[in-house]
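Below is one structure, written out as C-alpha cells, with a few remarks after it.
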Amino acid sequence: MIHFPAQRRGPLSALSLRLAAALGLVFAVVAAVYLDRDGYRDVNEDGLTLLDCFYYAVVSLSTTGYGDITPAAPSARLVNVLFVTPARVLFLIILVGTTLEVLTEQYRTGRRLSRWRRTVKDHVIICGYGTKGRSAVNALMENGLDRSRIVVVERSSAALRQATSAGLVAIEGSATRSSVLNEAHVRHAKAVIIATDSDDASVLVALTVRQLTAGQVRIIAAAREAENAPLLKQSGAHHVIVSSATAGRLLGLSTSAPPLIDVVEDLLTPGQGMALAMRSAARDEVGRSPRELDSLVIALVRRGKVVSLADRAGAVIETGDMLVHVRDDRPQSAATV
C-alpha cells in the first residue's frame with residue numbers, strides 16, 4: 001500500500017468538525033423549540049417535553065417532517081421561518097458536503113497515485129525509516145534532493161506515519177519482497193539505501209534489489225557488524241557502511257585525539273560550520289594542482305574511484321574529475337559576520 005505525504009488536516013478531523021457543527025445545530029434548534037414549546041401543537045395535545053423537542057429538531061433538520069408536531073403560535077412559526085428553516089438548509093449542506101469531501105478525497109488520492117506512478121523516476125528508495133533511514137533522508141535533502149524523489153519502504157505503521165508527516169511517499173511492506181519493491185519502481189530508481197534493523201534482512205534486500213534491477217541500480221547498505229560487510233557486497237551492495245566499526249573508531253579517536261571528534265561532528269552536522277561536498281572540476285581547473293584552488297580539496301573522484309592527493313595521480317586535475325572539498329556550511333548570516 002502506498003501512503004502519500006500527510007495533508008495539513010486529515011479527513012478524520014474534517015469529519016469531526018462537520019459532526020460537531022451538525023450536533024451544534026441540533027442543540028440550537030432544540031433550545032429554540034423548548035423555550036417556545038407552548039407555541040407548538042402535538043397530536044397527543046399533552047405538551048412538548050425535552051425529548052419531544054429533540055424529536056422535532058431531528059425530524060425537521062433531516063427534512064423528514066412527520067407532521068405530528070407543528071408550530072401553531074405566530075412566535076413559533078416566526079422562529080421556524082427565521083431560524084429552523086435556515087438551520088435545516090445548513091444541516092443539509094454539512095451532510096452533503098461531508099459526502100462530497102469523502103468522494104473528492106478518494107478521487108484526489110487516486111489521481112495522485114496514477115500521476116506518481118507515471119512520473120516517478122531517478123528517485124532514491126530508503127528501505128527502513130529508523131534512525132539510520134531518517135538520517136539518510138536528511139542528508140539527501142541537505143544535498144539538494146527534492147523530497148518528492150525520496151520513497152520510503154517500511155513495515156512499521158508508526159514509522160510510516162513519521163515518513164508521511166515529513167512529506168515523503170511511503171510504501172507499506174517488507175523491502176525483502178519483490179512486489180513491494182516493484183511498487184516503489186525500483187527499476188527506475190537512482191539508488192537504493194538499505195537501512196534495516198538487522199544484517200540478515202539487509203542481505204536479503206540487497207539480493208532482491210540486484211535480482212530486480214540486474215545490478216543497474218546503485219545499492220548502499222548499512223551493516224551492524226564488520227564481518228557481514230563482505231556478504232553484503234557479494235549480495236549486490238556497491239557500498240557498505242559498518243556502523244559499529246565506525247562508532248568504535250570514533251570512540252577510539254575521542255581518547256587519543258579528542259579535537260578530531262569535534263572536526264568529524266562538524267563535518268557531519270548540517271549548518272554548524274564545515275561540510276563535505278563534491279562538484280565537477282571546472283574547465284579552467286583542469287591541469288592545475290588541487291592544492292592551488294581556493295576551495296579546500298581533499299580528494300578526487302576519477303572514473304568512479306577515489307584518488308588521494310598524496311598519490312601521483314592526484315597531483316593534477318583531469319577532465320571529468322569530481323572534486324571532494326570542504327565548504328562553509330554555516331547560515332548565510334553567520335558566514336558574513
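Residue names in the C-alpha cells use chain letters A, B, ... in the order shown, residue numbers from 1 in each chain, and ligand numbers from 1 in the order shown.
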
- Item | Near-Lys305 (chain A) list (12 Å; only C-alpha atoms; drop same-chain fewer than 2 positions) as a list in words |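 So, after excluding close chain neighbours, the residues are Ala299, Leu300, Val301, Arg302, Arg303, Val307, Ser308, Ala313, Gly314, Asp321, Met322, Leu323 and Val324 of chain A.
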
Atoms to include: N, CA and C atoms. Write the selected residues as a PDB file, in the first residue's frame.
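Below is the file result.pdb, written as the result:
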ATOM      1  N   ALA A 299      40.230  15.310  -1.948  1.00  0.00           N
ATOM      2  CA  ALA A 299      40.345  14.090  -2.756  1.00  0.00           C
ATOM      3  C   ALA A 299      39.717  14.339  -4.120  1.00  0.00           C
ATOM      4  N   LEU A 300      40.049  13.450  -5.061  1.00  0.00           N
ATOM      5  CA  LEU A 300      39.461  13.475  -6.404  1.00  0.00           C
ATOM      6  C   LEU A 300      38.704  12.173  -6.631  1.00  0.00           C
ATOM      7  N   VAL A 301      37.647  12.260  -7.407  1.00  0.00           N
ATOM      8  CA  VAL A 301      36.927  11.065  -7.839  1.00  0.00           C
ATOM      9  C   VAL A 301      37.085  10.977  -9.346  1.00  0.00           C
ATOM     10  N   ARG A 302      37.819   9.965  -9.781  1.00  0.00           N
ATOM     11  CA  ARG A 302      38.138   9.824 -11.209  1.00  0.00           C
ATOM     12  C   ARG A 302      37.630   8.474 -11.705  1.00  0.00           C
ATOM     13  N   ARG A 303      36.714   8.530 -12.652  1.00  0.00           N
ATOM     14  CA  ARG A 303      36.111   7.315 -13.235  1.00  0.00           C
ATOM     15  C   ARG A 303      35.563   6.391 -12.139  1.00  0.00           C
ATOM     16  N   VAL A 307      40.708   9.154  -5.645  1.00  0.00           N
ATOM     17  CA  VAL A 307      42.149   9.340  -5.828  1.00  0.00           C
ATOM     18  C   VAL A 307      42.634  10.282  -4.740  1.00  0.00           C
ATOM     19  N   SER A 308      43.561   9.820  -3.926  1.00  0.00           N
ATOM     20  CA  SER A 308      44.105  10.641  -2.853  1.00  0.00           C
ATOM     21  C   SER A 308      45.057  11.694  -3.421  1.00  0.00           C
ATOM     22  N   ALA A 313      48.793  10.293  -9.065  1.00  0.00           N
ATOM     23  CA  ALA A 313      47.669  10.531  -9.964  1.00  0.00           C
ATOM     24  C   ALA A 313      46.806  11.697  -9.506  1.00  0.00           C
ATOM     25  N   GLY A 314      46.860  12.024  -8.206  1.00  0.00           N
ATOM     26  CA  GLY A 314      46.048  13.121  -7.702  1.00  0.00           C
ATOM     27  C   GLY A 314      46.752  14.457  -7.697  1.00  0.00           C
ATOM     28  N   ASP A 321      37.047  14.927 -13.762  1.00  0.00           N
ATOM     29  CA  ASP A 321      37.242  14.655 -12.340  1.00  0.00           C
ATOM     30  C   ASP A 321      36.150  15.326 -11.502  1.00  0.00           C
ATOM     31  N   MET A 322      35.818  14.682 -10.388  1.00  0.00           N
ATOM     32  CA  MET A 322      34.949  15.274  -9.377  1.00  0.00           C
ATOM     33  C   MET A 322      35.824  15.667  -8.196  1.00  0.00           C
ATOM     34  N   LEU A 323      35.603  16.859  -7.669  1.00  0.00           N
ATOM     35  CA  LEU A 323      36.408  17.366  -6.575  1.00  0.00           C
ATOM     36  C   LEU A 323      35.645  17.209  -5.262  1.00  0.00           C
ATOM     37  N   VAL A 324      36.259  16.506  -4.318  1.00  0.00           N
ATOM     38  CA  VAL A 324      35.706  16.401  -2.971  1.00  0.00           C
ATOM     39  C   VAL A 324      36.352  17.502  -2.144  1.00  0.00           C
TER      40      VAL A 324
END

- Query: Near Ser157 (chain A), counting only C-alpha atoms, which residues have an atom at most 12 Å away, once you skip same-chain residues fewer than 3 positions from it, shown as a count of residues only?
  - Reply: 17

- Message: Neighbouring residues of Tyr55 (chain A) were defined as those with any atom within 9 Å, considering only C-alpha atoms; residues of the same chain fewer than 5 positions away were excluded. Please report them as a PyMOL selection string.
- Response: chain A and resi 30+50+60

- Among listed residues A:Ser256, A:Thr208, A:Asn143, A:Thr70, nearest Tyr40 (chain A) (using only C-alpha atoms):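 Among the listed residues, A:Thr70 lies closest to Tyr40 (chain A).
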
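In terms of minimum interatomic distance to Leu95 (chain A), A:Arg18 ranks closest within A:Arg147, A:Arg111, A:His188, A:Arg18, counting only C-alpha atoms.
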
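Distances from A:Val96, A:Ile125, A:Leu35, A:Ala201 to Leu168 (chain A) were compared using only C-alpha atoms, and the smallest one belongs to A:Ile125.
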
- Task: Return the single residue from A:Glu318, A:Asp294, A:Asp36, A:Asp199 that is closest to Leu48 (chain A), with distances computed using only C-alpha atoms.
- Result: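 Closest to Leu48 (chain A) of all the choices is A:Asp36.
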
- Item | region 69-214 of chain A: residues DSSP assigns to strand (DSSP E or B), reported as a PyMOL selection string | chain A and resi 69-71+124-127+150-154+169-172+191-194

- Task: Using only C-alpha atoms, find the one residue out of A:Trp116, A:Phe91, A:Phe83, A:Tyr56 that sits nearest to Ile2 (chain A).
- Result: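 Under the stated criterion, the closest residue is A:Trp116.
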
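The neighbours of Gln211 (chain A) here are the residues that come within 10 Å of it, using only C-alpha atoms and leaving out any residue fewer than 4 positions away in the same chain; they are Ser178, Val205, Ala206, Leu207, Gly215, Gln216, Ser235 and Gly236 of chain A.
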
Could you take the residues named above and write them with N, CA and C atoms, as a PDB file, in the first residue's frame?
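To be explicit, this is the file written out as part-v3.pdb:
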ATOM      1  N   SER A 178       9.631  -8.775  -3.540  1.00  0.00           N
ATOM      2  CA  SER A 178       9.737  -8.177  -4.877  1.00  0.00           C
ATOM      3  C   SER A 178       8.544  -7.301  -5.190  1.00  0.00           C
ATOM      4  N   VAL A 205      17.484  -8.000   1.263  1.00  0.00           N
ATOM      5  CA  VAL A 205      17.039  -6.847   0.474  1.00  0.00           C
ATOM      6  C   VAL A 205      17.999  -6.590  -0.680  1.00  0.00           C
ATOM      7  N   ALA A 206      19.305  -6.642  -0.401  1.00  0.00           N
ATOM      8  CA  ALA A 206      20.298  -6.419  -1.455  1.00  0.00           C
ATOM      9  C   ALA A 206      20.168  -7.461  -2.562  1.00  0.00           C
ATOM     10  N   LEU A 207      19.978  -8.711  -2.194  1.00  0.00           N
ATOM     11  CA  LEU A 207      19.802  -9.770  -3.201  1.00  0.00           C
ATOM     12  C   LEU A 207      18.550  -9.525  -4.042  1.00  0.00           C
ATOM     13  N   GLY A 215      21.528  -5.346 -11.348  1.00  0.00           N
ATOM     14  CA  GLY A 215      22.728  -4.618 -10.951  1.00  0.00           C
ATOM     15  C   GLY A 215      22.855  -3.234 -11.541  1.00  0.00           C
ATOM     16  N   GLN A 216      21.774  -2.692 -12.140  1.00  0.00           N
ATOM     17  CA  GLN A 216      21.840  -1.383 -12.777  1.00  0.00           C
ATOM     18  C   GLN A 216      21.561  -0.235 -11.816  1.00  0.00           C
ATOM     19  N   SER A 235      26.244  -9.803  -2.095  1.00  0.00           N
ATOM     20  CA  SER A 235      24.811  -9.816  -2.377  1.00  0.00           C
ATOM     21  C   SER A 235      24.394  -8.723  -3.349  1.00  0.00           C
ATOM     22  N   GLY A 236      25.304  -7.805  -3.669  1.00  0.00           N
ATOM     23  CA  GLY A 236      24.991  -6.783  -4.658  1.00  0.00           C
ATOM     24  C   GLY A 236      25.179  -5.362  -4.195  1.00  0.00           C
TER      25      GLY A 236
END

- Query: Taking into account only C-alpha atoms, which residue in the set A:Val152, A:Val29, A:Leu231, A:Glu183 is nearest to Thr196 (chain A)?
  - Reply: A:Val152

- Task: Could you give me the residues within region 250-296 of chain A that DSSP places in helix (DSSP H, G or I), as a list of chain:residue names?
- Result: A:Leu250, A:Leu251, A:Gly252, A:Leu253, A:Ser254, A:Thr255, A:Ser256, A:Pro258, A:Pro259, A:Leu260, A:Ile261, A:Asp262, A:Val263, A:Val264, A:Glu265, A:Asp266, A:Leu267, A:Leu268, A:Arg283, A:Asp284, A:Glu285, A:Pro290, A:Arg291, A:Glu292

- Message: I want to know what sits within 12 Å of Pro230 (chain A), based on only C-alpha atoms, with residues of the same chain fewer than 2 positions away left out; could you give that as a PyMOL selection string?
- Response: chain A and resi 199+203+221-223+225-228+232-242

With C-alpha atoms retained, write the just-selected residues as a short mmCIF file (atom, residue, chain, number, x, y, z; two decimals), in the first residue's frame.
data_model
loop_
_atom_site.label_atom_id
_atom_site.label_comp_id
_atom_site.auth_asym_id
_atom_site.auth_seq_id
_atom_site.Cartn_x
_atom_site.Cartn_y
_atom_site.Cartn_z
CA ASP A 199 22.17 -7.52 8.75
CA VAL A 203 21.45 -9.10 2.77
CA ALA A 221 23.76 -0.69 2.68
CA ALA A 222 24.42 -0.27 6.39
CA ALA A 223 25.83 -3.19 8.36
CA GLU A 225 28.94 -5.93 12.12
CA ALA A 226 32.09 -5.68 10.00
CA GLU A 227 32.08 -9.43 9.29
CA ASN A 228 28.82 -9.03 7.37
CA LEU A 232 26.53 -7.62 1.66
CA LYS A 233 28.91 -6.76 -1.16
CA GLN A 234 28.57 -10.26 -2.56
CA SER A 235 24.81 -9.82 -2.38
CA GLY A 236 24.99 -6.78 -4.66
CA ALA A 237 25.71 -3.77 -2.45
CA HIS A 238 28.08 -1.30 -4.10
CA HIS A 239 28.92 0.42 -0.82
CA VAL A 240 28.67 -0.90 2.73
CA ILE A 241 28.90 1.29 5.81
CA VAL A 242 29.70 -0.57 9.02
#

- Task: Tell me which protein, DNA and RNA residues are within 8 Å of Val286 (chain A), counting only C-alpha atoms, leaving out same-chain ones fewer than 6 positions away, and put them as a PyMOL selection string.
- Result: chain A and resi 316-319
